[in-house]
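Data block below; observations after.
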Amino acid sequence: MIRICFVCLGNICRSPMAEFIMKDLVKKEGLEKEFLIESRGTSDEEKGNDTYYGTKKVLDKYNIPYTRHYATRLLKSDYEKFDFFIGMDNYNVLSMKKLFGTDNK
């Protein structure tokens with residue numbers, strides 16, 4: 001199984017959008033059982049909040065399905081849960097390096 005985590009600041013806009021797009025792409029290829037796809041935020045300021053309404057609007061526009069999302073913060077323990085971390089910008093990548101160290105997973 002390939003385990004991917006998308007990471008942004010609050011986990012309500014960019015990383016959930018990437019998560020839902022990737023899930024849709026994987027499903028269209030019939031590979032859902034071969035992937036674990038989730039998202040996290042580097043801060044907990046949005047903890048528990050659903051996906052931003054503007055993000056849902058874009059996903060709806062392109063017919064990308066999504067489910068109720070609860071924003072969660074990236075934890076050091078996530079390092080063992082996922083194979084790949086994809087930061088939505090350089091700030092997120094720097095935050096991941098601070099949390100995980102300099103390994104380029």
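Quick note on naming: the chains in the structure tokens go A, B, ... in the order shown, residues restart at 1 in each chain, and ligands are numbered from 1 in order of appearance.
Around A:Ile21, within 9 Å and counting only C-alpha atoms, the residues found are Leu59, Ile64, Pro65 and Tyr66 of chain A, once anything fewer than 6 positions away on its own chain is removed.
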Would you mind exporting N, CA and C atoms of the selected residues as an mmCIF file, in the first residue's frame?
```
data_model
loop_
_atom_site.group_PDB
_atom_site.id
_atom_site.type_symbol
_atom_site.label_atom_id
_atom_site.label_comp_id
_atom_site.auth_asym_id
_atom_site.auth_seq_id
_atom_site.Cartn_x
_atom_site.Cartn_y
_atom_site.Cartn_z
ATOM 1 N N LEU A 59 -14.199 22.021 -6.040
ATOM 2 C CA LEU A 59 -14.366 20.575 -6.223
ATOM 3 C C LEU A 59 -15.694 20.260 -6.914
ATOM 4 N N ILE A 64 -15.519 16.679 -8.509
ATOM 5 C CA ILE A 64 -14.623 15.876 -7.677
ATOM 6 C C ILE A 64 -15.380 15.578 -6.383
ATOM 7 N N PRO A 65 -15.630 14.310 -6.083
ATOM 8 C CA PRO A 65 -16.363 13.988 -4.861
ATOM 9 C C PRO A 65 -15.525 14.250 -3.609
ATOM 10 N N TYR A 66 -16.219 14.597 -2.519
ATOM 11 C CA TYR A 66 -15.554 14.800 -1.235
ATOM 12 C C TYR A 66 -16.504 14.395 -0.125
#
```
Closest-contact table, stretch 57-85 of chain A side, partner stretch 96-103 of chain A, 9 Å, counting only C-alpha atoms, as a tab-separated table:
```
residue	atom	partner	partner_atom	distance
A:Leu74	CA	A:Met96	CA	8.3
A:Leu75	CA	A:Leu99	CA	7.7
A:Lys76	CA	A:Leu99	CA	6.1
A:Tyr79	CA	A:Phe100	CA	6.9
A:Phe85	CA	A:Met96	CA	8.5
```
Using only C-alpha atoms, which protein or nucleic acid residues come within 10 Å of A:Cys13? Drop anything in the same chain fewer than 2 positions from it, and give the result as number ranges by chain. A: 8-11, 15-18, 41, 50-56, 71
Output C-alpha atoms of each residue in that selection to a file, as an mmCIF file, in the first residue's frame.
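For reference, out.cif as written:
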```cif
data_model
loop_
_atom_site.group_PDB
_atom_site.id
_atom_site.type_symbol
_atom_site.label_atom_id
_atom_site.label_comp_id
_atom_site.auth_asym_id
_atom_site.auth_seq_id
_atom_site.Cartn_x
_atom_site.Cartn_y
_atom_site.Cartn_z
ATOM 1 C CA CYS A 8 -0.837 22.735 4.206
ATOM 2 C CA LEU A 9 -1.186 25.257 7.042
ATOM 3 C CA GLY A 10 -4.735 24.769 8.338
ATOM 4 C CA ASN A 11 -5.890 21.599 6.581
ATOM 5 C CA SER A 15 -4.340 19.873 1.371
ATOM 6 C CA PRO A 16 -7.928 18.566 1.513
ATOM 7 C CA MET A 17 -8.390 19.633 -2.113
ATOM 8 C CA ALA A 18 -5.270 17.672 -3.078
ATOM 9 C CA GLY A 41 -2.121 20.890 8.635
ATOM 10 C CA ASP A 50 -14.601 21.104 7.698
ATOM 11 C CA THR A 51 -13.191 21.886 4.274
ATOM 12 C CA TYR A 52 -13.403 25.570 3.346
ATOM 13 C CA TYR A 53 -16.558 26.434 1.356
ATOM 14 C CA GLY A 54 -14.499 27.925 -1.506
ATOM 15 C CA THR A 55 -12.581 24.662 -1.819
ATOM 16 C CA LYS A 56 -15.835 22.710 -1.951
ATOM 17 C CA ALA A 71 -8.970 19.399 9.962
#
```
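Comparing A:Thr72, A:Asp24, A:Asp60, A:Phe35 by their smallest distance to A:Lys47, the closest is A:Thr72 (using only C-alpha atoms).
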Step one, run DSSP on the backbone; step two, keep only residues of chain A assigned to alpha helix (DSSP H); then write them as a VMD selection string. chain A and resid 14 to 28 53 to 61 78 to 81 90 to 100
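When only C-alpha atoms are used to compute distances to A:Ile37, the closest of the residues A:Arg68, A:Arg3, A:Arg14, A:Lys57 turns out to be A:Arg3.
Counting only C-alpha atoms, the residue from A:Ser95, A:Asn49, A:Asn90, A:Ser39 that sits nearest to A:Met22 is A:Ser39.
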Which parts of stretch 12-74 of chain A does DSSP call strand (DSSP E) when run on the backbone here, written out as a PyMOL selection string? chain A and resi 35-41
